[in-house]
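Trainee: Okay, here's the structure, questions in a sec.
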Amino acid sequence: MAGFSYLDDVLTSDGVRLDTVATAVGTPFYVYSAHVIRQRFRDLETGLAGVPHAIHYALKANSTLAIVRLLRDLGADVDANSIGEIDVALRAGYQAGQIVFTGVGKAPSELARAVPLGLKAINAESPGELERIDAIARASGTRARVALRVNPDVDAGSHPHISTGLRRNKFGVALEQALPIIREAARRPGLRFVGLHTHIGSQMTTLEPITRAITLLAALARTVIAEGIPLEHLDVGGGLGISYDGSGTPDLQAYATAVRHATADLGLSLIVEPGRSLTAPAGALIASIVDVKHHPGGRRFVVLDAGMTELLRPALYGAFHRIQPVVRDDRAPATCDVVGPVCESSDTFGTDRQLPDPRVGDLVAVMDVGAYGAVMASNYNRRPLPAEVMVDGDAWRVVRRRQRIDDLLALEE
Ligand code: LLP
């Protein structure tokens, strides 16, 4: 019973009944399948076997400690996008040499902490940032390992909000600007220039943009090496999408094969930074129906005790997530709009969905939320962050308790 499936008409995670978990912890809550994360990590690992590589899990997708530790035990390294994520990684038992630090706006205080740690690489975004890293490294008597993030002007073909590889996007330096910046970085005494980095976007459902970007990055790497600047690695970012609606997307093995081919003859170590593709399908958000309303004209609204505060993706990107009943029975299906409790019309999880004649108290599951779900939750409307549960084998445990009003007020006078 791997992943989410029905057993005797009850939705389970790896065979653990989610109605039972709901009774114990209350709703809404996130539930993660350790099995699915393990399986997906191993698929990628298998696909990359034979080439020197490191899988740096993108913490921004989900940095709940239990998940970070699970991935560490599997042999993952990490990609951090803030000093907060670096701290989480260190507390989860990672060594500095397993962390790459990315981010379009690293604050002076973040660099001041990060540089002396001796990270595997700081993925620099600009000549100015390289200069600042150099200054901090020299002042602290170290040499910072840096890579340069290159923006290859390749369209990820994803939602515009999460496409990052076009010239009009704020990320990295343009391909044609890169060489002089690298030459200068390689001369700076506080820097050790170790690699090139790119990340062109997220939720890519074809491999073509990724391979095009990597091919451009690899060509730049050849030029850099030919100039006598040695490189250790090529960091190709993350971005592989998953299928939210059942339509076909390339799997992790196909992704690994494409990435290997695009970098084959370089002889550099490969870094990938997957987030969503490792954790998204491992998570579901379990919520209760708190109201059912019929409006004149026929719309039926099913109101949940979870909304944009627990899962922002539908409101922010118009993202589609499957919504399923936790308990299936023979009630006739009804067409409904599944919405949250927040006073914004964008607080809608799905329109024209089919649920078995919904009633107050029924449990529903919003699927594929293991990435960019809990991490993007907010306290809007003073709503507490939901509980998070991990299922591992036939056992489950709360890995993050539900926030309480005291937690919310603890920082206030
Ligand atoms: N590396 C870098 C530098 C990134 O910025 C990201 C994601 C990743 C790796 C991981 O990408 P992934 O493999 O997860 O696609 N909140 C959005 C997604 C934003 C992704 C931002 N960067 C969403 O809910 O779809």
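Chain lettering (A, B, ...) mirrors the order of the structure tokens, residue numbering begins at 1 for each chain separately, and ligand numbering begins at 1 in order of display.
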I'd like the contact shell of stretch 397-405 of chain A - 8 Å cut-off, only C-alpha atoms, skipping same-chain residues fewer than 2 positions apart - returned as a ChimeraX atom specification.

Mentor: /A:64-66,384-391,395,407-409

Trainee: Can you pull out every residue with an atom within 7 Å of ligand 1? Use only C-alpha atoms and all ligand atoms and format it as a ChimeraX atom specification.

Mentor: /A:58,60-61,79,102-103,162,199,201-203,237-241,273-277,313,372

Trainee: Limited to all heavy atoms, could you put the picked residues into a file as a compact mmCIF listing (two decimals), in the first residue's frame?

Mentor:
# COMPACT_ATOMS: atom_id res chain seq x y z
N ALA A 58 15.76 20.96 -2.69
CA ALA A 58 15.42 22.38 -2.51
C ALA A 58 14.51 22.52 -1.29
O ALA A 58 13.32 22.21 -1.34
CB ALA A 58 14.74 22.92 -3.76
N LYS A 60 13.09 24.88 0.08
CA LYS A 60 11.92 25.75 0.02
C LYS A 60 10.65 24.97 -0.27
O LYS A 60 9.56 25.42 0.06
CB LYS A 60 12.12 26.87 -1.00
CG LYS A 60 12.34 26.39 -2.42
CD LYS A 60 11.99 27.49 -3.42
CE LYS A 60 12.99 28.61 -3.44
NZ LYS A 60 14.12 28.36 -4.34
N ALA A 61 10.77 23.80 -0.88
CA ALA A 61 9.58 23.02 -1.21
C ALA A 61 8.87 22.50 0.04
O ALA A 61 7.64 22.47 0.10
CB ALA A 61 9.94 21.85 -2.13
N ASP A 79 19.69 22.49 -1.00
CA ASP A 79 19.76 23.84 -1.56
C ASP A 79 18.94 24.72 -0.62
O ASP A 79 17.77 24.46 -0.38
CB ASP A 79 19.14 23.82 -2.97
CG ASP A 79 18.79 25.21 -3.48
OD1 ASP A 79 19.58 26.14 -3.27
OD2 ASP A 79 17.72 25.35 -4.11
N THR A 102 21.44 29.56 -2.46
CA THR A 102 20.95 30.30 -3.62
C THR A 102 20.10 31.46 -3.13
O THR A 102 19.75 31.50 -1.96
CB THR A 102 20.10 29.37 -4.51
OG1 THR A 102 20.74 28.11 -4.61
CG2 THR A 102 19.91 29.92 -5.90
N GLY A 103 19.74 32.36 -4.01
CA GLY A 103 18.79 33.40 -3.61
C GLY A 103 19.12 34.72 -4.27
O GLY A 103 20.28 35.13 -4.30
N ILE A 162 6.34 31.39 -11.89
CA ILE A 162 7.40 30.48 -11.45
C ILE A 162 8.34 30.13 -12.61
O ILE A 162 9.03 29.12 -12.57
CB ILE A 162 6.82 29.20 -10.78
CG1 ILE A 162 5.80 28.50 -11.68
CG2 ILE A 162 6.17 29.56 -9.44
CD1 ILE A 162 5.32 27.16 -11.13
N HIS A 199 18.77 27.91 -12.93
CA HIS A 199 17.47 27.34 -12.54
C HIS A 199 16.44 28.15 -13.31
O HIS A 199 16.24 29.32 -13.03
CB HIS A 199 17.24 27.45 -11.02
CG HIS A 199 15.83 27.10 -10.63
ND1 HIS A 199 15.40 25.78 -10.53
CD2 HIS A 199 14.76 27.87 -10.35
CE1 HIS A 199 14.11 25.78 -10.19
NE2 HIS A 199 13.70 27.03 -10.08
N GLY A 201 13.11 27.57 -13.85
CA GLY A 201 11.69 27.60 -13.49
C GLY A 201 11.26 26.31 -12.84
O GLY A 201 12.04 25.37 -12.71
N SER A 202 10.01 26.30 -12.45
CA SER A 202 9.46 25.19 -11.68
C SER A 202 8.23 24.64 -12.39
O SER A 202 7.63 25.33 -13.22
CB SER A 202 9.09 25.72 -10.30
OG SER A 202 8.86 24.70 -9.38
N GLN A 203 7.87 23.41 -12.04
CA GLN A 203 6.70 22.75 -12.64
C GLN A 203 6.81 22.72 -14.17
O GLN A 203 5.88 23.03 -14.90
CB GLN A 203 5.39 23.41 -12.15
CG GLN A 203 4.08 22.77 -12.62
CD GLN A 203 4.00 21.26 -12.39
OE1 GLN A 203 4.73 20.69 -11.60
NE2 GLN A 203 3.12 20.58 -13.10
N GLY A 237 20.01 23.25 -11.18
CA GLY A 237 18.77 23.69 -10.55
C GLY A 237 17.76 22.57 -10.42
O GLY A 237 18.07 21.38 -10.53
N GLY A 238 16.52 22.99 -10.18
CA GLY A 238 15.42 22.01 -10.06
C GLY A 238 14.45 22.22 -11.19
O GLY A 238 14.85 22.59 -12.29
N GLY A 239 13.18 22.01 -10.92
CA GLY A 239 12.17 22.41 -11.89
C GLY A 239 11.33 21.33 -12.51
O GLY A 239 10.35 21.64 -13.20
N LEU A 240 11.70 20.04 -12.30
CA LEU A 240 10.87 19.00 -12.92
C LEU A 240 9.47 19.02 -12.32
O LEU A 240 9.30 19.01 -11.10
CB LEU A 240 11.51 17.62 -12.71
CG LEU A 240 10.68 16.46 -13.26
CD1 LEU A 240 10.55 16.53 -14.78
CD2 LEU A 240 11.26 15.12 -12.84
N GLY A 241 8.47 19.06 -13.18
CA GLY A 241 7.08 19.12 -12.73
C GLY A 241 6.53 17.75 -12.36
O GLY A 241 7.16 16.71 -12.58
N GLU A 273 18.83 20.23 -8.10
CA GLU A 273 18.16 20.83 -6.93
C GLU A 273 16.66 20.57 -6.98
O GLU A 273 15.86 21.51 -7.06
CB GLU A 273 18.40 22.34 -6.90
CG GLU A 273 19.84 22.78 -6.83
CD GLU A 273 19.99 24.31 -6.99
OE1 GLU A 273 19.02 24.98 -7.36
OE2 GLU A 273 21.10 24.80 -6.73
N PRO A 274 16.24 19.31 -6.95
CA PRO A 274 14.80 19.05 -7.05
C PRO A 274 14.07 19.38 -5.76
O PRO A 274 14.58 19.17 -4.67
CB PRO A 274 14.75 17.54 -7.30
CG PRO A 274 15.97 17.02 -6.60
CD PRO A 274 17.02 18.08 -6.74
N GLY A 275 12.89 19.94 -5.89
CA GLY A 275 12.04 20.18 -4.73
C GLY A 275 10.73 19.43 -4.93
O GLY A 275 10.53 18.33 -4.41
N ARG A 276 9.89 20.02 -5.77
CA ARG A 276 8.55 19.48 -6.00
C ARG A 276 8.53 17.99 -6.38
O ARG A 276 7.73 17.22 -5.88
CB ARG A 276 7.89 20.29 -7.12
CG ARG A 276 6.46 19.92 -7.40
CD ARG A 276 5.94 20.60 -8.68
NE ARG A 276 6.42 21.94 -8.87
CZ ARG A 276 5.74 23.04 -8.56
NH1 ARG A 276 4.52 22.94 -8.07
NH2 ARG A 276 6.26 24.23 -8.77
N SER A 277 9.44 17.63 -7.30
CA SER A 277 9.39 16.26 -7.83
C SER A 277 9.68 15.21 -6.75
O SER A 277 9.31 14.06 -6.90
CB SER A 277 10.36 16.11 -9.00
OG SER A 277 11.66 16.51 -8.61
N ARG A 313 -1.48 27.74 -3.28
CA ARG A 313 -1.22 27.55 -4.73
C ARG A 313 -2.43 27.83 -5.62
O ARG A 313 -2.29 28.48 -6.66
CB ARG A 313 -0.67 26.14 -5.00
CG ARG A 313 0.63 25.82 -4.24
CD ARG A 313 1.34 24.58 -4.75
NE ARG A 313 1.93 24.83 -6.05
CZ ARG A 313 1.45 24.39 -7.18
NH1 ARG A 313 0.39 23.63 -7.19
NH2 ARG A 313 2.03 24.70 -8.31
N TYR A 372 5.49 23.05 -1.52
CA TYR A 372 4.88 24.37 -1.62
C TYR A 372 3.46 24.40 -1.04
O TYR A 372 2.60 25.13 -1.51
CB TYR A 372 4.90 24.86 -3.08
CG TYR A 372 6.29 24.79 -3.67
CD1 TYR A 372 6.60 23.89 -4.69
CD2 TYR A 372 7.32 25.58 -3.15
CE1 TYR A 372 7.90 23.79 -5.20
CE2 TYR A 372 8.61 25.48 -3.65
CZ TYR A 372 8.89 24.59 -4.67
OH TYR A 372 10.16 24.51 -5.16

Trainee: Could you tell me, as a PyMOL selection string, which residues of stretch 59-129 of chain A DSSP assigns to helix (DSSP H, G or I) when given the backbone?

Mentor: chain A and resi 59-61+65-74+83-91+96-98+108-117+127-129

Trainee: Please determine, counting only C-alpha atoms, which residue among A:Leu268, A:Val146, A:Ala332, A:Ile136 has the shortest atom-to-atom distance to A:Val51.

Mentor: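 Selected residue with least distance to A:Val51: A:Leu268.
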
Trainee: List as a ChimeraX atom specification the protein and nucleic acid residues near A:Leu179, meaning an atom at most 10 Å away when only C-alpha atoms are counted, but skip any in the same chain fewer than 5 places from it.

Mentor: /A:174,184-185,220-221,223-224,227

Trainee: Work out how far apart atom CA of A:Pro152 and atom CA of A:Arg187 are and give it in Å to one decimal.

Mentor: 24.0 Å

Trainee: With a distance cut-off of 12 Å and only C-alpha atoms, select the neighbouring residues of A:Arg212, excluding the residue or stretch itself and same-chain residues fewer than 3 positions from it, and output the selection as a PyMOL selection string.

Mentor: chain A and resi 152-156+165+198-200+206-209+215-219+236+258-259+261-263

Trainee: Nearest residue to A:Ile55 out of A:Phe41, A:Tyr380, A:Tyr30, A:Phe101, using only C-alpha atoms?

Mentor: A:Phe41
